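Enquirer: Coordinates in upload_21.tsv, TSV, C-alpha atoms, are listed below.
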```tsv
chain	number	residue	atom	x	y	z
A	1	LYS	CA	154.60	172.13	36.01
A	2	ALA	CA	155.65	171.16	32.46
A	3	PRO	CA	156.48	167.50	32.04
A	4	GLU	CA	160.19	166.79	31.72
A	5	ILE	CA	161.29	165.70	28.27
A	6	PRO	CA	163.51	162.65	28.63
A	7	VAL	CA	166.98	163.10	27.09
A	8	LEU	CA	167.59	160.35	24.62
A	9	LYS	CA	171.04	158.95	25.23
A	10	GLU	CA	172.92	157.86	22.13
A	11	HIS	CA	173.59	154.15	22.06
A	12	PRO	CA	177.31	153.54	22.87
A	13	ALA	CA	177.83	151.50	19.70
A	14	LEU	CA	176.43	154.36	17.62
A	15	ALA	CA	178.61	156.90	19.43
A	16	ALA	CA	181.67	154.73	18.83
A	17	LYS	CA	180.78	154.42	15.16
A	18	ARG	CA	180.35	158.18	14.85
A	19	ALA	CA	183.75	158.76	16.52
A	20	LEU	CA	185.36	156.25	14.17
A	21	ILE	CA	183.87	157.92	11.08
A	22	GLN	CA	185.17	161.27	12.32
A	23	LYS	CA	188.63	159.78	12.94
A	24	ILE	CA	188.74	158.25	9.45
A	25	ARG	CA	187.72	161.58	7.93
A	26	VAL	CA	190.49	163.41	9.76
A	27	GLN	CA	193.00	160.75	8.64
A	28	ARG	CA	191.79	160.96	5.02
A	29	GLU	CA	192.20	164.73	5.07
A	30	ALA	CA	195.69	164.39	6.53
A	31	ALA	CA	196.57	161.75	3.92
A	32	ALA	CA	195.32	163.99	1.10
A	33	ARG	CA	197.35	166.88	2.53
A	34	ILE	CA	200.49	164.78	2.76
A	35	GLU	CA	199.91	163.36	-0.72
A	36	SER	CA	199.72	166.80	-2.30
A	37	ALA	CA	202.72	167.96	-0.24
A	38	PHE	CA	204.57	164.87	-1.50
A	39	VAL	CA	203.81	165.62	-5.16
A	40	ASP	CA	204.65	169.32	-4.69
A	41	THR	CA	207.93	168.44	-3.02
A	42	ALA	CA	208.84	166.00	-5.79
A	43	ARG	CA	208.09	168.74	-8.32
A	44	THR	CA	210.30	171.16	-6.42
A	45	ILE	CA	213.10	168.56	-6.34
A	46	HIS	CA	212.71	168.22	-10.10
A	47	ASN	CA	213.15	172.00	-10.49
A	48	VAL	CA	216.05	172.04	-8.04
A	49	GLU	CA	217.79	169.31	-10.08
A	50	LYS	CA	217.12	171.21	-13.29
A	51	ASN	CA	218.41	174.59	-12.04
A	52	LEU	CA	221.24	173.24	-9.92
A	53	LEU	CA	224.07	174.11	-12.26
A	54	THR	CA	222.55	177.19	-13.93
A	55	ASN	CA	221.53	178.92	-10.70
A	56	PRO	CA	223.51	177.16	-7.98
A	57	SER	CA	223.43	179.37	-4.88
A	58	GLU	CA	219.69	180.08	-5.03
A	59	THR	CA	218.92	176.45	-5.79
A	60	VAL	CA	221.00	175.15	-2.88
A	61	GLU	CA	219.21	177.57	-0.56
A	62	GLN	CA	215.85	176.35	-1.88
A	63	ALA	CA	216.92	172.73	-1.34
A	64	SER	CA	218.03	173.52	2.17
A	65	LYS	CA	214.61	174.97	3.01
A	66	LEU	CA	213.03	171.94	1.41
A	67	VAL	CA	214.88	169.58	3.76
A	68	GLY	CA	213.40	171.48	6.71
A	69	GLN	CA	209.93	171.24	5.21
A	70	ILE	CA	210.26	167.51	4.58
A	71	ALA	CA	211.35	166.96	8.16
A	72	GLU	CA	208.41	169.00	9.42
A	73	SER	CA	205.53	168.11	7.14
A	74	PHE	CA	206.04	164.41	6.59
A	75	LEU	CA	207.62	163.33	9.82
A	76	THR	CA	204.75	164.63	11.94
A	77	SER	CA	202.80	161.59	10.67
A	78	PRO	CA	205.37	159.09	9.42
A	79	ASP	CA	202.81	156.31	8.92
A	80	LEU	CA	200.89	158.44	6.44
A	81	ALA	CA	204.10	159.51	4.73
A	82	LEU	CA	205.08	155.85	4.30
A	83	HIS	CA	201.65	155.11	2.90
A	84	VAL	CA	202.00	157.89	0.33
A	85	MET	CA	205.48	156.68	-0.63
A	86	GLY	CA	204.08	153.25	-1.41
A	87	ASP	CA	201.49	154.76	-3.74
A	88	LYS	CA	203.75	155.04	-6.81
A	89	ILE	CA	202.35	158.48	-7.61
A	90	GLY	CA	203.90	159.69	-10.82
A	91	GLY	CA	205.96	156.60	-11.57
A	92	GLU	CA	209.62	155.92	-11.12
A	93	GLU	CA	211.14	159.33	-11.76
A	94	LEU	CA	214.42	160.03	-10.07
A	95	TYR	CA	213.05	162.86	-7.94
A	96	PHE	CA	210.47	160.61	-6.30
A	97	HIS	CA	213.33	158.27	-5.45
A	98	SER	CA	215.34	161.19	-4.02
A	99	LEU	CA	212.37	162.27	-1.92
A	100	ASN	CA	211.69	158.73	-0.66
A	101	VAL	CA	215.32	158.26	0.34
A	102	THR	CA	215.40	161.66	2.07
A	103	MET	CA	212.22	160.93	4.02
A	104	LEU	CA	213.39	157.48	5.09
A	105	ALA	CA	216.82	158.78	6.13
A	106	LEU	CA	215.28	161.63	8.13
A	107	MET	CA	212.91	159.19	9.88
A	108	VAL	CA	215.93	157.24	11.10
A	109	ALA	CA	217.71	160.45	12.08
A	110	ARG	CA	214.74	161.55	14.11
A	111	ASP	CA	214.50	158.19	15.84
A	112	ILE	CA	218.17	158.27	16.91
A	113	LYS	CA	217.82	161.97	17.85
A	114	LEU	CA	220.50	163.30	15.51
A	115	PRO	CA	221.39	166.92	16.22
A	116	GLN	CA	219.84	169.54	13.91
A	117	GLU	CA	223.07	170.25	12.03
A	118	ALA	CA	223.70	166.58	11.24
A	119	MET	CA	220.05	166.21	10.25
A	120	GLN	CA	220.40	169.04	7.73
A	121	ALA	CA	223.61	167.54	6.27
A	122	LEU	CA	221.85	164.16	6.06
A	123	GLY	CA	218.85	165.69	4.30
A	124	MET	CA	220.98	167.55	1.75
A	125	GLY	CA	223.18	164.50	1.06
A	126	ALA	CA	220.13	162.25	0.69
A	127	LEU	CA	218.31	164.72	-1.56
A	128	PHE	CA	221.28	164.95	-3.92
A	129	HIS	CA	222.72	161.45	-3.48
A	130	ASP	CA	222.13	160.63	-7.17
A	131	VAL	CA	223.05	164.02	-8.64
A	132	GLY	CA	226.04	162.46	-10.44
A	133	ARG	CA	223.69	160.37	-12.58
A	134	ARG	CA	223.26	163.39	-14.84
A	135	GLU	CA	226.75	162.56	-16.18
A	136	ILE	CA	225.80	158.96	-17.07
A	137	PRO	CA	224.39	158.27	-20.58
A	138	ASN	CA	220.66	157.55	-20.73
A	139	LYS	CA	221.16	154.26	-22.51
A	140	ILE	CA	222.85	152.96	-19.34
A	141	LEU	CA	220.32	154.56	-16.96
A	142	MET	CA	217.29	153.30	-18.87
A	143	LYS	CA	218.57	149.82	-19.70
A	144	GLN	CA	216.18	147.09	-18.53
A	145	GLU	CA	218.53	144.11	-19.01
A	146	PRO	CA	221.45	143.65	-16.57
A	147	LEU	CA	224.38	146.00	-17.24
A	148	THR	CA	227.59	144.60	-18.71
A	149	GLN	CA	230.69	144.87	-16.51
A	150	ALA	CA	231.89	147.90	-18.50
A	151	GLU	CA	228.48	149.61	-18.14
A	152	GLN	CA	228.42	148.79	-14.42
A	153	ASN	CA	231.87	150.38	-14.01
A	154	PHE	CA	230.71	153.48	-15.87
A	155	TYR	CA	227.51	153.67	-13.81
A	156	ALA	CA	229.52	153.44	-10.57
A	157	LEU	CA	231.22	156.71	-11.52
A	158	HIS	CA	228.03	158.61	-10.66
A	159	CYS	CA	229.15	158.55	-7.01
A	160	GLN	CA	232.39	160.33	-7.84
A	161	TYR	CA	230.77	162.76	-10.28
A	162	GLY	CA	228.11	163.58	-7.71
A	163	ALA	CA	230.67	164.18	-4.96
A	164	GLU	CA	232.52	166.62	-7.24
A	165	ILE	CA	229.29	168.50	-8.09
A	166	VAL	CA	228.19	168.98	-4.47
A	167	LYS	CA	231.71	169.91	-3.38
A	168	ALA	CA	231.73	172.66	-6.02
A	169	LEU	CA	228.33	173.79	-4.70
A	170	GLY	CA	229.78	174.18	-1.20
A	171	PHE	CA	228.01	171.30	0.55
A	172	VAL	CA	229.38	170.44	4.00
A	173	PRO	CA	231.84	167.49	4.08
A	174	ALA	CA	229.28	165.14	5.68
A	175	ALA	CA	226.84	165.72	2.80
A	176	GLN	CA	229.67	165.22	0.28
A	177	ALA	CA	230.51	161.91	1.97
A	178	ILE	CA	226.89	160.73	1.58
A	179	VAL	CA	226.91	161.45	-2.16
A	180	GLN	CA	230.27	159.69	-2.57
A	181	GLN	CA	229.45	156.68	-0.35
A	182	HIS	CA	225.72	155.94	-0.67
A	183	HIS	CA	226.47	152.64	-2.48
A	184	GLU	CA	229.15	151.50	0.00
A	185	LEU	CA	228.03	148.48	2.04
A	186	PHE	CA	229.01	147.48	5.56
A	187	ASP	CA	230.64	144.19	4.48
A	188	GLY	CA	232.83	145.88	1.84
A	189	SER	CA	230.80	144.57	-1.12
A	190	GLY	CA	229.62	148.03	-2.22
A	191	TYR	CA	231.17	150.58	-4.56
A	192	PRO	CA	233.05	152.69	-5.63
A	193	GLN	CA	235.71	152.19	-2.93
A	194	LYS	CA	234.64	148.92	-1.30
A	195	LEU	CA	234.75	150.62	2.10
A	196	LYS	CA	233.88	148.58	5.18
A	197	CYS	CA	232.22	149.21	8.56
A	198	ASP	CA	233.48	152.37	10.24
A	199	ALA	CA	235.36	153.52	7.13
A	200	ILE	CA	231.90	154.52	5.79
A	201	HIS	CA	230.61	157.85	7.10
A	202	PRO	CA	227.80	157.26	9.66
A	203	LEU	CA	225.34	159.43	7.70
A	204	ALA	CA	226.20	157.61	4.46
A	205	ARG	CA	225.36	154.34	6.23
A	206	ILE	CA	221.84	155.65	6.92
A	207	VAL	CA	221.37	156.71	3.29
A	208	ALA	CA	222.77	153.38	2.01
A	209	ILE	CA	219.97	151.56	3.87
A	210	ALA	CA	217.23	153.95	2.70
A	211	ASN	CA	218.53	153.87	-0.87
A	212	TYR	CA	218.75	150.07	-1.01
A	213	TYR	CA	215.26	149.69	0.42
A	214	ASP	CA	213.69	152.16	-2.01
A	215	GLU	CA	215.42	150.48	-4.97
A	216	LEU	CA	213.92	147.14	-3.91
A	217	CYS	CA	210.43	148.71	-3.66
A	218	ASN	CA	210.70	150.90	-6.77
A	219	PRO	CA	213.18	149.25	-9.19
A	220	SER	CA	213.58	150.50	-12.77
A	221	ASN	CA	211.93	147.29	-13.91
A	222	LEU	CA	208.59	147.42	-12.06
A	223	ALA	CA	208.06	143.67	-12.54
A	224	ASP	CA	210.82	143.17	-9.92
A	225	ALA	CA	209.21	145.48	-7.32
A	226	GLN	CA	208.94	144.12	-3.79
A	227	THR	CA	206.34	145.19	-1.23
A	228	PRO	CA	207.73	147.16	1.74
A	229	HIS	CA	207.36	144.04	3.87
A	230	GLU	CA	209.23	141.84	1.35
A	231	ALA	CA	211.97	144.44	0.94
A	232	LEU	CA	212.59	144.58	4.69
A	233	ALA	CA	212.51	140.79	4.94
A	234	THR	CA	215.06	140.56	2.11
A	235	MET	CA	217.34	143.08	3.77
A	236	PHE	CA	217.06	141.57	7.22
A	237	ALA	CA	217.08	137.86	6.38
A	238	LYS	CA	219.34	137.65	3.33
A	239	LEU	CA	221.46	140.80	3.25
A	240	ARG	CA	221.84	141.68	6.91
A	241	GLY	CA	225.65	141.79	6.75
A	242	LYS	CA	225.56	144.55	4.14
A	243	PHE	CA	224.20	147.21	6.51
A	244	ASP	CA	225.15	148.79	9.81
A	245	PRO	CA	223.33	146.40	12.19
A	246	LYS	CA	222.23	149.07	14.71
A	247	LEU	CA	220.93	151.37	11.98
A	248	LEU	CA	219.16	148.52	10.18
A	249	GLN	CA	217.34	147.76	13.41
A	250	VAL	CA	216.27	151.38	13.80
A	251	PHE	CA	215.16	151.44	10.17
A	252	ILE	CA	212.97	148.37	10.63
A	253	ARG	CA	211.51	149.84	13.82
A	254	CYS	CA	210.73	153.13	12.02
A	255	LEU	CA	208.87	151.27	9.32
A	256	GLY	CA	206.80	149.60	11.98
A	257	VAL	CA	207.63	145.96	11.37
```
Using structure tokens, write down the structure from this file.
Expert:
Amino acid sequence: KAPEIPVLKEHPALAAKRALIQKIRVQREAAARIESAFVDTARTIHNVEKNLLTNPSETVEQASKLVGQIAESFLTSPDLALHVMGDKIGGEELYFHSLNVTMLALMVARDIKLPQEAMQALGMGALFHDVGRREIPNKILMKQEPLTQAEQNFYALHCQYGAEIVKALGFVPAAQAIVQQHHELFDGSGYPQKLKCDAIHPLARIVAIANYYDELCNPSNLADAQTPHEALATMFAKLRGKFDPKLLQVFIRCLGV
């Protein structure tokens, strides 16, 4: 009878290497997919911002769908989403900031198992938290040196302007509260109303953390940018009293530190 041909077994180290290469390829593909979704989403946010007042009802509906997509597409692999966020694609435009803050807020929401309705309100509030900035002159928004007290007071009005815009657009009260209160801090040192602790809407407390973190990582003056690790260390070690302690802990856990 015909001689048996011995089956060559692949060396375990080689098999492991092959599996690793395959895993890296899958991860790269996923990262590329998330990266293009990220840029597309930022572009959509830009259009939403642009058409918000000329074509409000359609734009709000588009934004609402977008929140669902962000929750679905990015949060399936949060580590990749965080990686993409750190990649300063397209610079410091406002809509990248809005997207970062929305993604971070929704990560926290998912971790604490917020109900769907609250998650949607959170997403809409986070997406439009800075909408009132359109009423602030560019020379204040673009200024690299510290703002004077008068400029700071004027800038703080963007919270109020934003709250009025989203109220007129029919946003739910929780989303309105986020836009109004996203600069309020837990110890009362925030603005515009210097609210403290439980006086700040729970969803606004989530967005306040995400917003503060993203501003540390992506400030208008890039020379001051902190790495994600430095930003979390700053918030936890030096500024801990400014944030809801339970939510800050969840936030740090979500970012995998």
Enquirer: Do a neighbour search on range 163-174 of chain A at 9 Å with only C-alpha atoms, toss out local chain neighbours closer than 2 positions, and write the hits as an MDAnalysis selection string.
Expert: chainID A and resid 52:53 56:57 60 118 121:122 124:125 128:129 131:132 158:161 176:181 201:204
Enquirer: So, counting only C-alpha atoms, which residue among A:His229, A:Arg133, A:Arg110, A:Arg43 is closest to Phe96 in chain A?
Expert: A:Arg43
Enquirer: Please identify all polymer residues within 12 Å of Lys65 in chain A, counting all atoms listed in the file, omitting same-chain residues fewer than 5 positions from it, and present them as a ChimeraX atom specification.
Expert: /A:41,44-45,48,58-60,70-72,120,123-124,127
Enquirer: Can you pull out every residue within 7 Å of range 186-195 of chain A, counting only C-alpha atoms, but drop anything in the same chain fewer than 6 positions away, and send it as a PyMOL selection string?
Expert: chain A and resi 156+241-244
Enquirer: When distances are computed from all atoms listed in the file, which of A:Val207, A:Leu185, A:Leu157, A:Val39 shows the smallest separation from Phe251 in chain A?
Expert: A:Val207
Enquirer: Please complete range 156-180 of chain A with N, CA, C and O atoms and give it back as a PDB file, keeping the file's coordinate frame.
Expert:
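Listing of part_17.pdb after writing:
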```pdb
ATOM      1  N   ALA A 156     228.972 153.212 -11.918  1.00  0.00           N
ATOM      2  CA  ALA A 156     229.520 153.440 -10.570  1.00  0.00           C
ATOM      3  C   ALA A 156     230.183 154.805 -10.435  1.00  0.00           C
ATOM      4  O   ALA A 156     230.301 155.342  -9.329  1.00  0.00           O
ATOM      5  N   LEU A 157     230.583 155.385 -11.568  1.00  0.00           N
ATOM      6  CA  LEU A 157     231.220 156.710 -11.520  1.00  0.00           C
ATOM      7  C   LEU A 157     230.273 157.812 -11.068  1.00  0.00           C
ATOM      8  O   LEU A 157     230.706 158.900 -10.707  1.00  0.00           O
ATOM      9  N   HIS A 158     228.945 157.527 -11.054  1.00  0.00           N
ATOM     10  CA  HIS A 158     228.030 158.610 -10.660  1.00  0.00           C
ATOM     11  C   HIS A 158     228.276 159.058  -9.218  1.00  0.00           C
ATOM     12  O   HIS A 158     227.996 160.202  -8.873  1.00  0.00           O
ATOM     13  N   CYS A 159     228.837 158.169  -8.399  1.00  0.00           N
ATOM     14  CA  CYS A 159     229.150 158.550  -7.010  1.00  0.00           C
ATOM     15  C   CYS A 159     230.239 159.624  -6.988  1.00  0.00           C
ATOM     16  O   CYS A 159     230.133 160.627  -6.262  1.00  0.00           O
ATOM     17  N   GLN A 160     231.271 159.391  -7.769  1.00  0.00           N
ATOM     18  CA  GLN A 160     232.390 160.330  -7.840  1.00  0.00           C
ATOM     19  C   GLN A 160     231.964 161.652  -8.484  1.00  0.00           C
ATOM     20  O   GLN A 160     232.247 162.735  -7.978  1.00  0.00           O
ATOM     21  N   TYR A 161     231.247 161.547  -9.606  1.00  0.00           N
ATOM     22  CA  TYR A 161     230.770 162.760 -10.280  1.00  0.00           C
ATOM     23  C   TYR A 161     229.899 163.585  -9.337  1.00  0.00           C
ATOM     24  O   TYR A 161     230.012 164.809  -9.263  1.00  0.00           O
ATOM     25  N   GLY A 162     229.024 162.882  -8.626  1.00  0.00           N
ATOM     26  CA  GLY A 162     228.110 163.580  -7.710  1.00  0.00           C
ATOM     27  C   GLY A 162     228.869 164.294  -6.605  1.00  0.00           C
ATOM     28  O   GLY A 162     228.579 165.446  -6.265  1.00  0.00           O
ATOM     29  N   ALA A 163     229.878 163.595  -6.045  1.00  0.00           N
ATOM     30  CA  ALA A 163     230.670 164.180  -4.960  1.00  0.00           C
ATOM     31  C   ALA A 163     231.365 165.460  -5.445  1.00  0.00           C
ATOM     32  O   ALA A 163     231.437 166.465  -4.719  1.00  0.00           O
ATOM     33  N   GLU A 164     231.857 165.429  -6.693  1.00  0.00           N
ATOM     34  CA  GLU A 164     232.520 166.620  -7.240  1.00  0.00           C
ATOM     35  C   GLU A 164     231.530 167.775  -7.426  1.00  0.00           C
ATOM     36  O   GLU A 164     231.841 168.929  -7.132  1.00  0.00           O
ATOM     37  N   ILE A 165     230.318 167.453  -7.886  1.00  0.00           N
ATOM     38  CA  ILE A 165     229.290 168.500  -8.090  1.00  0.00           C
ATOM     39  C   ILE A 165     228.941 169.165  -6.766  1.00  0.00           C
ATOM     40  O   ILE A 165     228.950 170.394  -6.647  1.00  0.00           O
ATOM     41  N   VAL A 166     228.646 168.352  -5.730  1.00  0.00           N
ATOM     42  CA  VAL A 166     228.190 168.980  -4.470  1.00  0.00           C
ATOM     43  C   VAL A 166     229.342 169.669  -3.742  1.00  0.00           C
ATOM     44  O   VAL A 166     229.119 170.642  -3.013  1.00  0.00           O
ATOM     45  N   LYS A 167     230.557 169.208  -3.967  1.00  0.00           N
ATOM     46  CA  LYS A 167     231.710 169.910  -3.380  1.00  0.00           C
ATOM     47  C   LYS A 167     231.821 171.309  -3.994  1.00  0.00           C
ATOM     48  O   LYS A 167     232.003 172.307  -3.287  1.00  0.00           O
ATOM     49  N   ALA A 168     231.673 171.369  -5.328  1.00  0.00           N
ATOM     50  CA  ALA A 168     231.730 172.660  -6.020  1.00  0.00           C
ATOM     51  C   ALA A 168     230.594 173.583  -5.570  1.00  0.00           C
ATOM     52  O   ALA A 168     230.735 174.809  -5.565  1.00  0.00           O
ATOM     53  N   LEU A 169     229.475 172.984  -5.152  1.00  0.00           N
ATOM     54  CA  LEU A 169     228.330 173.790  -4.700  1.00  0.00           C
ATOM     55  C   LEU A 169     228.467 174.215  -3.239  1.00  0.00           C
ATOM     56  O   LEU A 169     227.596 174.890  -2.708  1.00  0.00           O
ATOM     57  N   GLY A 170     229.544 173.755  -2.579  1.00  0.00           N
ATOM     58  CA  GLY A 170     229.780 174.180  -1.200  1.00  0.00           C
ATOM     59  C   GLY A 170     229.038 173.378  -0.146  1.00  0.00           C
ATOM     60  O   GLY A 170     228.808 173.856   0.963  1.00  0.00           O
ATOM     61  N   PHE A 171     228.648 172.136  -0.464  1.00  0.00           N
ATOM     62  CA  PHE A 171     228.010 171.300   0.550  1.00  0.00           C
ATOM     63  C   PHE A 171     229.007 170.990   1.669  1.00  0.00           C
ATOM     64  O   PHE A 171     230.201 170.883   1.416  1.00  0.00           O
ATOM     65  N   VAL A 172     228.491 170.787   2.875  1.00  0.00           N
ATOM     66  CA  VAL A 172     229.380 170.440   4.000  1.00  0.00           C
ATOM     67  C   VAL A 172     229.987 169.052   3.746  1.00  0.00           C
ATOM     68  O   VAL A 172     229.400 168.228   3.032  1.00  0.00           O
ATOM     69  N   PRO A 173     231.172 168.779   4.330  1.00  0.00           N
ATOM     70  CA  PRO A 173     231.840 167.490   4.080  1.00  0.00           C
ATOM     71  C   PRO A 173     230.969 166.260   4.344  1.00  0.00           C
ATOM     72  O   PRO A 173     231.041 165.285   3.596  1.00  0.00           O
ATOM     73  N   ALA A 174     230.122 166.310   5.384  1.00  0.00           N
ATOM     74  CA  ALA A 174     229.280 165.140   5.680  1.00  0.00           C
ATOM     75  C   ALA A 174     228.319 164.852   4.528  1.00  0.00           C
ATOM     76  O   ALA A 174     228.102 163.693   4.144  1.00  0.00           O
ATOM     77  N   ALA A 175     227.768 165.900   3.923  1.00  0.00           N
ATOM     78  CA  ALA A 175     226.840 165.720   2.800  1.00  0.00           C
ATOM     79  C   ALA A 175     227.604 165.216   1.567  1.00  0.00           C
ATOM     80  O   ALA A 175     227.113 164.368   0.819  1.00  0.00           O
ATOM     81  N   GLN A 176     228.821 165.714   1.391  1.00  0.00           N
ATOM     82  CA  GLN A 176     229.670 165.220   0.280  1.00  0.00           C
ATOM     83  C   GLN A 176     229.935 163.726   0.444  1.00  0.00           C
ATOM     84  O   GLN A 176     229.883 162.953  -0.517  1.00  0.00           O
ATOM     85  N   ALA A 177     230.209 163.323   1.697  1.00  0.00           N
ATOM     86  CA  ALA A 177     230.510 161.910   1.970  1.00  0.00           C
ATOM     87  C   ALA A 177     229.314 161.024   1.614  1.00  0.00           C
ATOM     88  O   ALA A 177     229.472 159.927   1.068  1.00  0.00           O
ATOM     89  N   ILE A 178     228.104 161.509   1.900  1.00  0.00           N
ATOM     90  CA  ILE A 178     226.890 160.730   1.580  1.00  0.00           C
ATOM     91  C   ILE A 178     226.805 160.490   0.072  1.00  0.00           C
ATOM     92  O   ILE A 178     226.560 159.377  -0.388  1.00  0.00           O
ATOM     93  N   VAL A 179     227.025 161.557  -0.708  1.00  0.00           N
ATOM     94  CA  VAL A 179     226.910 161.450  -2.160  1.00  0.00           C
ATOM     95  C   VAL A 179     227.967 160.481  -2.702  1.00  0.00           C
ATOM     96  O   VAL A 179     227.697 159.654  -3.574  1.00  0.00           O
ATOM     97  N   GLN A 180     229.153 160.547  -2.130  1.00  0.00           N
ATOM     98  CA  GLN A 180     230.270 159.690  -2.570  1.00  0.00           C
ATOM     99  C   GLN A 180     230.053 158.222  -2.134  1.00  0.00           C
ATOM    100  O   GLN A 180     230.423 157.300  -2.848  1.00  0.00           O
TER     101      GLN A 180
END
```
